[in-house]
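Data first, discussion second: the structure below is written as structure tokens.
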Amino acid sequence: MNKHFLLFTILVFFTGLYLGTLRIDIPEFEKQLHIPLELSVLLPLVFFGFIKGSCNYIAGRLSDKLGRKKVLIIGWAIAIFSLPFLFLLNIYAIIVISILLAINQALTWTTTVTSQIDISGKSRAGLATGINEMSGYLGVSIGSLLASYIFKISFVILLITSTLAIIFSYTVMETKTLIRENNENIKIKWIPITKISITGLLEKFVDSSFFILIPTYLLLQHYSLTLVGLIVSSYAFVWSFSQPLFGYLADLYNRKFILILGFILMFLGFIHYSSYPILFSIIEGIGMGMIYPNLIAAVNDIINEKVRGKALGYYRLYRDSGYGIAGIVIPLLYILLGFNKTLLFIGILQLLSIILIL
């Protein structure tokens, strides 16, 4: 494996570790503040989703203009700046943490996946994206577990993670230099990219459920914090490790078939989820493993490498705005339908994604 490809893989692991730790910390802070479930879902997801989505597009454009490395360093500097807010246990601190987390995730994750595709080339985009997302969501899984077992030292985990990440960011190569320079006026095929991007947005309703709704609901059902961490991390763990396999298979065979199968599994995983949370979390993880790297690779399949950062940023603008839309819609669905029917409705949205893929 290319040395710098490996370094970017480590860096995206740090990005996931940072996110995974806060995925447990934020619901626990909200529980301590006695914030109602509907509001606890709404606040972090709305701020996180819309800000991360818009910053993804900005990060993509900046990485094409300034270079990937500078954007990466800025993203980790923001992570370090956010840490003092963990000591302010109030609703405003949670909002600020959610905003800064969103900016960090956009600048660092968008940049690493773009860089790894730069290194691997177009023919192995699915595999490169699969490795990137595997490493990132392995970090999410481990971060969730660590925070649930040793919640009191979450600050130390986040400080070490962000410090190491900013050091590593200075050592990686600038992968923009691998792209062939030309003066052509490259046109982006926005309509097919937008169709793919909308499916990414709908897919984020599933991950949004694991972000706040599912852990908060299970905590209110008197599941221990450790068990909630195990349930959430089982989803992220299966998702992370299955992505290189499904990205590689899609590069070799049929990307569309794997995407459709993944959306079907994500529908099945939300049929009466509360009866078997760990089993259905694993099913959701497999489905996400099929679609997550391959939606990004599908965008890369139809664009020129010169505008890769911009095009992938546009896709991630839609996809991660799904967090914000879900943050508004999920609490309303929960009030109207209850927990299980809300998840079933989200599962049905995944079936609608198949129409766009076809």
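Please note that chains go A, B, ... in the order of the structure tokens, that every chain numbers its residues from 1, and that ligands are numbered from 1 in the order shown.
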
Residues at most 12 Å from Ser98 of chain A, counting only C-alpha atoms, excluding those fewer than 5 positions away in the same chain, as a PyMOL selection string?
-> chain A and resi 18-19+22-23+25-27+40-52+79+82-83+85-86+91-93+103-105+211-212+323-324

So that I have them on file, write out the residues from the current selection with N, CA, C and O atoms, as a compact mmCIF listing (two decimals), in the first residue's frame.
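The resulting file, again_28.txt, is reproduced below:
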```txt
# COMPACT_ATOMS: atom_id res chain seq x y z
N TYR A 18 -12.98 10.82 16.70
CA TYR A 18 -13.46 12.09 17.26
C TYR A 18 -15.00 12.13 17.23
O TYR A 18 -15.65 12.48 18.22
N LEU A 19 -15.58 11.74 16.08
CA LEU A 19 -17.03 11.74 15.93
C LEU A 19 -17.67 10.70 16.84
O LEU A 19 -18.68 10.98 17.51
N LEU A 22 -17.97 11.74 20.51
CA LEU A 22 -19.00 12.74 20.75
C LEU A 22 -20.40 12.20 20.50
O LEU A 22 -21.38 12.72 21.02
N ARG A 23 -20.52 11.12 19.71
CA ARG A 23 -21.84 10.50 19.50
C ARG A 23 -22.41 9.92 20.80
O ARG A 23 -23.63 9.80 20.94
N ASP A 25 -21.07 11.08 23.93
CA ASP A 25 -21.01 12.18 24.89
C ASP A 25 -22.23 13.09 24.82
O ASP A 25 -22.80 13.48 25.84
N ILE A 26 -22.64 13.46 23.60
CA ILE A 26 -23.74 14.43 23.44
C ILE A 26 -25.05 13.89 24.02
O ILE A 26 -25.71 14.59 24.80
N PRO A 27 -25.49 12.65 23.69
CA PRO A 27 -26.72 12.14 24.34
C PRO A 27 -26.61 12.05 25.86
O PRO A 27 -27.58 12.31 26.56
N SER A 40 -33.65 16.82 21.97
CA SER A 40 -32.28 16.30 21.98
C SER A 40 -31.90 15.73 20.63
O SER A 40 -30.72 15.72 20.26
N VAL A 41 -32.88 15.25 19.86
CA VAL A 41 -32.61 14.80 18.49
C VAL A 41 -32.46 16.01 17.57
O VAL A 41 -31.57 16.08 16.73
N LEU A 42 -33.35 16.98 17.75
CA LEU A 42 -33.43 18.12 16.84
C LEU A 42 -32.17 18.96 16.83
O LEU A 42 -31.58 19.24 15.79
N LEU A 43 -31.71 19.36 18.03
CA LEU A 43 -30.64 20.35 18.10
C LEU A 43 -29.32 19.90 17.47
O LEU A 43 -28.81 20.54 16.55
N PRO A 44 -28.72 18.79 17.95
CA PRO A 44 -27.41 18.42 17.40
C PRO A 44 -27.47 18.09 15.91
O PRO A 44 -26.60 18.49 15.14
N LEU A 45 -28.50 17.34 15.48
CA LEU A 45 -28.56 16.90 14.09
C LEU A 45 -28.76 18.04 13.12
O LEU A 45 -28.16 18.07 12.05
N VAL A 46 -29.63 19.00 13.47
CA VAL A 46 -29.89 20.12 12.56
C VAL A 46 -28.63 20.95 12.36
O VAL A 46 -28.23 21.23 11.22
N PHE A 47 -27.99 21.32 13.45
CA PHE A 47 -26.77 22.11 13.33
C PHE A 47 -25.67 21.31 12.64
O PHE A 47 -24.99 21.81 11.74
N PHE A 48 -25.49 20.05 13.08
CA PHE A 48 -24.45 19.21 12.51
C PHE A 48 -24.69 18.98 11.01
O PHE A 48 -23.77 19.13 10.20
N GLY A 49 -25.92 18.63 10.64
CA GLY A 49 -26.21 18.25 9.26
C GLY A 49 -26.06 19.38 8.27
O GLY A 49 -25.34 19.27 7.27
N PHE A 50 -26.73 20.50 8.52
CA PHE A 50 -26.71 21.58 7.54
C PHE A 50 -25.33 22.24 7.47
O PHE A 50 -24.88 22.62 6.38
N ILE A 51 -24.67 22.36 8.60
CA ILE A 51 -23.35 22.99 8.58
C ILE A 51 -22.32 22.07 7.94
O ILE A 51 -21.51 22.49 7.12
N LYS A 52 -22.37 20.77 8.30
CA LYS A 52 -21.43 19.84 7.66
C LYS A 52 -21.68 19.75 6.17
O LYS A 52 -20.74 19.74 5.37
N ALA A 79 -10.93 21.38 15.49
CA ALA A 79 -11.23 20.35 16.50
C ALA A 79 -10.61 20.71 17.84
O ALA A 79 -11.25 20.59 18.90
N SER A 82 -12.47 23.40 19.69
CA SER A 82 -13.78 23.04 20.23
C SER A 82 -13.72 22.41 21.62
O SER A 82 -14.72 22.37 22.34
N LEU A 83 -12.56 21.90 22.02
CA LEU A 83 -12.47 21.09 23.23
C LEU A 83 -12.87 21.81 24.53
O LEU A 83 -13.53 21.19 25.39
N PHE A 85 -15.22 23.68 25.19
CA PHE A 85 -16.68 23.75 25.36
C PHE A 85 -17.24 22.50 26.06
O PHE A 85 -18.37 22.51 26.53
N LEU A 86 -16.43 21.43 26.11
CA LEU A 86 -16.88 20.22 26.80
C LEU A 86 -17.05 20.44 28.30
O LEU A 86 -17.75 19.68 28.97
N ILE A 91 -27.00 23.80 27.26
CA ILE A 91 -27.52 23.57 25.91
C ILE A 91 -26.75 24.34 24.86
O ILE A 91 -26.55 23.88 23.73
N TYR A 92 -26.25 25.54 25.22
CA TYR A 92 -25.50 26.35 24.26
C TYR A 92 -24.16 25.70 23.91
O TYR A 92 -23.71 25.75 22.75
N ALA A 93 -23.53 25.09 24.90
CA ALA A 93 -22.27 24.40 24.65
C ALA A 93 -22.49 23.21 23.72
O ALA A 93 -21.66 22.94 22.83
N ILE A 103 -17.96 21.19 11.23
CA ILE A 103 -16.92 21.81 10.40
C ILE A 103 -15.69 20.92 10.34
O ILE A 103 -15.11 20.69 9.27
N ASN A 104 -15.29 20.39 11.50
CA ASN A 104 -14.15 19.47 11.55
C ASN A 104 -14.36 18.26 10.64
O ASN A 104 -13.49 17.89 9.85
N GLN A 105 -15.53 17.63 10.74
CA GLN A 105 -15.81 16.44 9.96
C GLN A 105 -15.82 16.73 8.47
O GLN A 105 -15.33 15.94 7.66
N PHE A 211 -27.34 8.25 15.38
CA PHE A 211 -26.59 9.37 15.94
C PHE A 211 -27.19 9.79 17.28
O PHE A 211 -26.50 9.87 18.28
N ILE A 212 -28.50 10.03 17.32
CA ILE A 212 -29.13 10.55 18.53
C ILE A 212 -30.36 9.74 18.94
O ILE A 212 -30.50 9.32 20.09
N TYR A 323 -28.53 14.87 7.53
CA TYR A 323 -28.54 14.94 8.99
C TYR A 323 -29.45 16.07 9.47
O TYR A 323 -30.24 15.91 10.39
N GLY A 324 -29.32 17.24 8.82
CA GLY A 324 -30.12 18.39 9.24
C GLY A 324 -31.60 18.19 8.99
O GLY A 324 -32.44 18.49 9.85
```

Please indicate the distance in Å from atom CA of Ser353 of chain A to atom CA of Asp118 of chain A, rounded to one decimal place.
->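 Taking atom CA of Ser353 of chain A as the start and atom CA of Asp118 of chain A as the end point, the length is 28.1 Å.
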
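Within the 6 Å cut-off around segment 57-67 of chain A, using only C-alpha atoms and omitting residues fewer than 3 positions from it on the same chain, the listed residues are A:Ser54, A:Leu107, A:Lys176, A:Gly309, A:Lys310, A:Gly313, A:Tyr314, A:Leu317.
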
Skipping near chain neighbours, those fewer than 3 positions away, what residues fall within 12 Å of Leu220 of chain A using only C-alpha atoms, listed as a ChimeraX atom specification?
-> /A:27-28,30-32,34-37,213-217,223-225,228,339

Since we have the selection now, will you write its residues out, keeping N, CA, C and O atoms, as a PDB file, in the first residue's frame?
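So the final result, stored in again.pdb, reads:
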```pdb
ATOM      1  N   PRO A  27     -25.489  12.648  23.686  1.00  0.00           N
ATOM      2  CA  PRO A  27     -26.715  12.143  24.335  1.00  0.00           C
ATOM      3  C   PRO A  27     -26.605  12.051  25.859  1.00  0.00           C
ATOM      4  O   PRO A  27     -27.585  12.310  26.562  1.00  0.00           O
ATOM      5  N   GLU A  28     -25.414  11.705  26.355  1.00  0.00           N
ATOM      6  CA  GLU A  28     -25.238  11.616  27.801  1.00  0.00           C
ATOM      7  C   GLU A  28     -25.328  13.003  28.445  1.00  0.00           C
ATOM      8  O   GLU A  28     -25.960  13.175  29.499  1.00  0.00           O
ATOM      9  N   GLU A  30     -27.044  15.485  27.253  1.00  0.00           N
ATOM     10  CA  GLU A  30     -28.455  15.877  27.153  1.00  0.00           C
ATOM     11  C   GLU A  30     -29.307  15.171  28.207  1.00  0.00           C
ATOM     12  O   GLU A  30     -30.244  15.756  28.765  1.00  0.00           O
ATOM     13  N   LYS A  31     -28.956  13.920  28.492  1.00  0.00           N
ATOM     14  CA  LYS A  31     -29.666  13.190  29.549  1.00  0.00           C
ATOM     15  C   LYS A  31     -29.434  13.859  30.898  1.00  0.00           C
ATOM     16  O   LYS A  31     -30.364  14.022  31.695  1.00  0.00           O
ATOM     17  N   GLN A  32     -28.189  14.280  31.163  1.00  0.00           N
ATOM     18  CA  GLN A  32     -27.871  14.947  32.421  1.00  0.00           C
ATOM     19  C   GLN A  32     -28.586  16.293  32.552  1.00  0.00           C
ATOM     20  O   GLN A  32     -28.927  16.728  33.653  1.00  0.00           O
ATOM     21  N   HIS A  34     -31.531  16.814  31.277  1.00  0.00           N
ATOM     22  CA  HIS A  34     -32.969  16.503  31.237  1.00  0.00           C
ATOM     23  C   HIS A  34     -33.653  17.159  30.035  1.00  0.00           C
ATOM     24  O   HIS A  34     -34.777  17.666  30.128  1.00  0.00           O
ATOM     25  N   ILE A  35     -32.970  17.125  28.894  1.00  0.00           N
ATOM     26  CA  ILE A  35     -33.542  17.668  27.662  1.00  0.00           C
ATOM     27  C   ILE A  35     -34.487  16.629  27.070  1.00  0.00           C
ATOM     28  O   ILE A  35     -34.125  15.457  26.944  1.00  0.00           O
ATOM     29  N   PRO A  36     -35.736  16.994  26.672  1.00  0.00           N
ATOM     30  CA  PRO A  36     -36.680  16.033  26.095  1.00  0.00           C
ATOM     31  C   PRO A  36     -36.111  15.377  24.837  1.00  0.00           C
ATOM     32  O   PRO A  36     -35.310  15.992  24.112  1.00  0.00           O
ATOM     33  N   LEU A  37     -36.540  14.130  24.570  1.00  0.00           N
ATOM     34  CA  LEU A  37     -36.010  13.361  23.451  1.00  0.00           C
ATOM     35  C   LEU A  37     -36.152  14.107  22.127  1.00  0.00           C
ATOM     36  O   LEU A  37     -35.223  14.164  21.327  1.00  0.00           O
ATOM     37  N   LEU A 213     -31.273   9.458  17.978  1.00  0.00           N
ATOM     38  CA  LEU A 213     -32.573   8.861  18.311  1.00  0.00           C
ATOM     39  C   LEU A 213     -32.435   7.514  19.020  1.00  0.00           C
ATOM     40  O   LEU A 213     -32.983   7.308  20.106  1.00  0.00           O
ATOM     41  N   ILE A 214     -31.715   6.582  18.404  1.00  0.00           N
ATOM     42  CA  ILE A 214     -31.616   5.236  18.967  1.00  0.00           C
ATOM     43  C   ILE A 214     -30.886   5.222  20.313  1.00  0.00           C
ATOM     44  O   ILE A 214     -31.413   4.668  21.291  1.00  0.00           O
ATOM     45  N   PRO A 215     -29.686   5.835  20.441  1.00  0.00           N
ATOM     46  CA  PRO A 215     -29.044   5.805  21.763  1.00  0.00           C
ATOM     47  C   PRO A 215     -29.848   6.508  22.850  1.00  0.00           C
ATOM     48  O   PRO A 215     -29.920   6.023  23.982  1.00  0.00           O
ATOM     49  N   THR A 216     -30.485   7.654  22.502  1.00  0.00           N
ATOM     50  CA  THR A 216     -31.269   8.368  23.509  1.00  0.00           C
ATOM     51  C   THR A 216     -32.496   7.564  23.917  1.00  0.00           C
ATOM     52  O   THR A 216     -32.814   7.453  25.110  1.00  0.00           O
ATOM     53  N   TYR A 217     -33.188   6.957  22.945  1.00  0.00           N
ATOM     54  CA  TYR A 217     -34.365   6.145  23.242  1.00  0.00           C
ATOM     55  C   TYR A 217     -33.994   4.951  24.122  1.00  0.00           C
ATOM     56  O   TYR A 217     -34.683   4.654  25.112  1.00  0.00           O
ATOM     57  N   TYR A 223     -31.641   0.985  29.253  1.00  0.00           N
ATOM     58  CA  TYR A 223     -30.450   0.248  28.830  1.00  0.00           C
ATOM     59  C   TYR A 223     -29.245   0.940  29.460  1.00  0.00           C
ATOM     60  O   TYR A 223     -29.209   2.171  29.572  1.00  0.00           O
ATOM     61  N   SER A 224     -28.239   0.180  29.840  1.00  0.00           N
ATOM     62  CA  SER A 224     -27.039   0.795  30.413  1.00  0.00           C
ATOM     63  C   SER A 224     -26.278   1.528  29.315  1.00  0.00           C
ATOM     64  O   SER A 224     -26.391   1.204  28.119  1.00  0.00           O
ATOM     65  N   LEU A 225     -25.479   2.516  29.723  1.00  0.00           N
ATOM     66  CA  LEU A 225     -24.675   3.258  28.751  1.00  0.00           C
ATOM     67  C   LEU A 225     -23.722   2.320  28.017  1.00  0.00           C
ATOM     68  O   LEU A 225     -23.482   2.465  26.816  1.00  0.00           O
ATOM     69  N   VAL A 228     -25.751   0.404  25.363  1.00  0.00           N
ATOM     70  CA  VAL A 228     -26.084   1.315  24.260  1.00  0.00           C
ATOM     71  C   VAL A 228     -24.852   1.520  23.375  1.00  0.00           C
ATOM     72  O   VAL A 228     -24.944   1.490  22.141  1.00  0.00           O
ATOM     73  N   PHE A 339     -41.556   5.227  18.271  1.00  0.00           N
ATOM     74  CA  PHE A 339     -40.191   4.843  17.909  1.00  0.00           C
ATOM     75  C   PHE A 339     -40.131   3.859  16.748  1.00  0.00           C
ATOM     76  O   PHE A 339     -39.493   4.110  15.720  1.00  0.00           O
TER      77      PHE A 339
END
```

Figure out the distance between atom CA of Ile330 of chain A and atom CA of Ile260 of chain A, please, to one decimal in Å.
->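 Atom CA of Ile330 of chain A lies 23.8 Å from atom CA of Ile260 of chain A.
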
Measuring atom to atom with only C-alpha atoms, identify which of A:Leu202, A:Ile131, A:Ile166, A:Val238 is nearest to Tyr318 of chain A.
-> A:Leu202

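For segment 277-293 of chain A, the set of protein, DNA and RNA residues having any atom at most 7 Å away, when counting only C-alpha atoms and skipping those fewer than 6 positions along the same chain, is A:Gly126, A:Thr129, A:Gly130, A:Glu133, A:Ile231, A:Ser234, A:Tyr235, A:Ala236, A:Val238, A:Trp239, A:Ser240, A:Ser242, A:Gln243, A:Phe246, A:Gly247, A:Ile258, A:Leu259, A:Gly262, A:Phe263, A:Leu265, A:Met266, A:Gly269, A:Phe270.
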
The selected residues should be written to file as a CSV table (one decimal), in the first residue's frame (atoms: N, CA and C atoms).
```
chain,number,residue,atom,x,y,z
A,126,GLY,N,-13.9,2.7,-5.9
A,126,GLY,CA,-14.8,2.0,-4.9
A,126,GLY,C,-14.0,1.4,-3.7
A,129,THR,N,-12.5,4.3,-1.6
A,129,THR,CA,-13.5,4.9,-0.8
A,129,THR,C,-13.9,3.9,0.3
A,130,GLY,N,-14.0,2.7,0.0
A,130,GLY,CA,-14.3,1.6,1.0
A,130,GLY,C,-13.3,1.6,2.1
A,133,GLU,N,-13.7,4.9,4.2
A,133,GLU,CA,-14.9,4.8,5.1
A,133,GLU,C,-14.8,3.8,6.2
A,231,ILE,N,-24.5,-1.6,21.2
A,231,ILE,CA,-25.4,-1.6,20.1
A,231,ILE,C,-25.1,-0.7,19.0
A,234,SER,N,-21.9,-1.8,17.2
A,234,SER,CA,-22.0,-3.0,16.3
A,234,SER,C,-22.4,-2.6,14.9
A,235,TYR,N,-23.3,-1.6,14.8
A,235,TYR,CA,-23.7,-1.0,13.5
A,235,TYR,C,-22.5,-0.4,12.8
A,236,ALA,N,-21.8,0.4,13.5
A,236,ALA,CA,-20.7,1.1,12.9
A,236,ALA,C,-19.5,0.1,12.6
A,238,VAL,N,-19.7,-3.2,11.8
A,238,VAL,CA,-20.0,-4.0,10.6
A,238,VAL,C,-20.0,-3.1,9.4
A,239,TRP,N,-20.5,-1.9,9.5
A,239,TRP,CA,-20.5,-1.0,8.4
A,239,TRP,C,-19.1,-0.7,7.9
A,240,SER,N,-18.2,-0.4,8.9
A,240,SER,CA,-16.8,0.0,8.6
A,240,SER,C,-16.1,-1.2,7.9
A,242,SER,N,-17.1,-3.9,6.3
A,242,SER,CA,-17.7,-4.4,5.0
A,242,SER,C,-17.5,-3.5,3.8
A,243,GLN,N,-17.1,-2.3,4.0
A,243,GLN,CA,-17.0,-1.4,2.9
A,243,GLN,C,-15.9,-1.6,1.9
A,246,PHE,N,-17.3,-4.5,-0.4
A,246,PHE,CA,-18.3,-4.1,-1.3
A,246,PHE,C,-17.9,-3.0,-2.3
A,247,GLY,N,-16.9,-2.2,-1.9
A,247,GLY,CA,-16.4,-1.2,-2.9
A,247,GLY,C,-15.6,-1.9,-4.0
A,258,ILE,N,-25.2,-3.7,-6.3
A,258,ILE,CA,-24.8,-3.7,-4.9
A,258,ILE,C,-25.5,-2.6,-4.2
A,259,LEU,N,-25.7,-1.4,-4.8
A,259,LEU,CA,-26.4,-0.3,-4.2
A,259,LEU,C,-27.9,-0.7,-3.9
A,262,GLY,N,-28.2,-3.1,-1.0
A,262,GLY,CA,-27.9,-2.4,0.2
A,262,GLY,C,-29.1,-1.6,0.7
A,263,PHE,N,-29.8,-0.9,-0.2
A,263,PHE,CA,-31.0,-0.2,0.2
A,263,PHE,C,-32.1,-1.1,0.7
A,265,LEU,N,-31.6,-4.0,2.2
A,265,LEU,CA,-31.3,-4.5,3.6
A,265,LEU,C,-31.5,-3.4,4.6
A,266,MET,N,-31.3,-2.1,4.3
A,266,MET,CA,-31.6,-1.1,5.2
A,266,MET,C,-33.1,-0.9,5.5
A,269,GLY,N,-33.8,-3.9,8.0
A,269,GLY,CA,-33.2,-3.7,9.3
A,269,GLY,C,-34.0,-2.8,10.2
A,270,PHE,N,-35.0,-2.0,9.7
A,270,PHE,CA,-35.8,-1.2,10.5
A,270,PHE,C,-37.2,-1.6,10.7
```

Selection: 8 Å around Ser115 of chain A, only C-alpha atoms, excl. self and same-chain fewer than 3 positions, as a list of chain:residue names =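 In the requested format, the answer is A:Phe8, A:Arg68, A:Thr111, A:Thr112, A:Asp118, A:Ile119, A:Thr175, A:Lys176.
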
Which of these residues is nearest to Thr199 of chain A, using only C-alpha atoms: A:Leu295, A:Leu17, A:Leu336, A:Val307?
-> A:Leu295

Close residues, Phe345 of chain A itself excluded, 9 Å, only C-alpha atoms, min 4 positions apart in chain, as number ranges by chain = A: 267, 270, 333, 340-341, 349

Would you put the residues from that selection into a file with N, CA and C atoms, as an mmCIF file, in the first residue's frame?
```
data_model
loop_
_atom_site.group_PDB
_atom_site.id
_atom_site.type_symbol
_atom_site.label_atom_id
_atom_site.label_comp_id
_atom_site.auth_asym_id
_atom_site.auth_seq_id
_atom_site.Cartn_x
_atom_site.Cartn_y
_atom_site.Cartn_z
ATOM 1 N N PHE A 267 -33.896 -1.234 4.563
ATOM 2 C CA PHE A 267 -35.337 -1.279 4.834
ATOM 3 C C PHE A 267 -35.652 -2.413 5.808
ATOM 4 N N PHE A 270 -34.965 -2.035 9.694
ATOM 5 C CA PHE A 270 -35.764 -1.155 10.539
ATOM 6 C C PHE A 270 -37.200 -1.644 10.711
ATOM 7 N N LEU A 333 -41.784 12.778 13.399
ATOM 8 C CA LEU A 333 -42.238 11.398 13.184
ATOM 9 C C LEU A 333 -42.366 10.657 14.511
ATOM 10 N N ASN A 340 -40.818 2.715 16.856
ATOM 11 C CA ASN A 340 -40.700 1.675 15.836
ATOM 12 C C ASN A 340 -41.256 2.103 14.488
ATOM 13 N N LYS A 341 -42.384 2.802 14.477
ATOM 14 C CA LYS A 341 -42.969 3.236 13.202
ATOM 15 C C LYS A 341 -42.132 4.342 12.552
ATOM 16 N N LEU A 349 -38.122 5.023 3.139
ATOM 17 C CA LEU A 349 -37.380 6.018 2.354
ATOM 18 C C LEU A 349 -36.222 5.376 1.598
#
```

Nearest to Phe205 of chain A: which of A:Asn254, A:Thr161, A:Ser120, A:Thr342 is it, counting only C-alpha atoms?
->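 The answer is A:Thr342, which sits nearest to Phe205 of chain A.
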
A:Ala125, A:Phe210, A:Arg255, A:Met173 ranked by distance to Ile303 of chain A, top pick (using only C-alpha atoms) =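 Among the listed residues, the smallest separation from Ile303 of chain A belongs to A:Ala125.
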
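With atom CA of Thr21 of chain A on one side and atom CA of Leu230 of chain A on the other, the separation reads 12.9 Å.
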
Please give the complete set of residues from segment 100-223 of chain A that DSSP, run on the backbone, assigns to helix (DSSP H, G or I), formatted as a PyMOL selection string.
-> chain A and resi 100-120+122-149+151-171+175-178+190-220

For Ala165 of chain A, the closest of A:Ile150, A:Ile78, A:Ile94, A:Ala102 counting only C-alpha atoms is A:Ile78
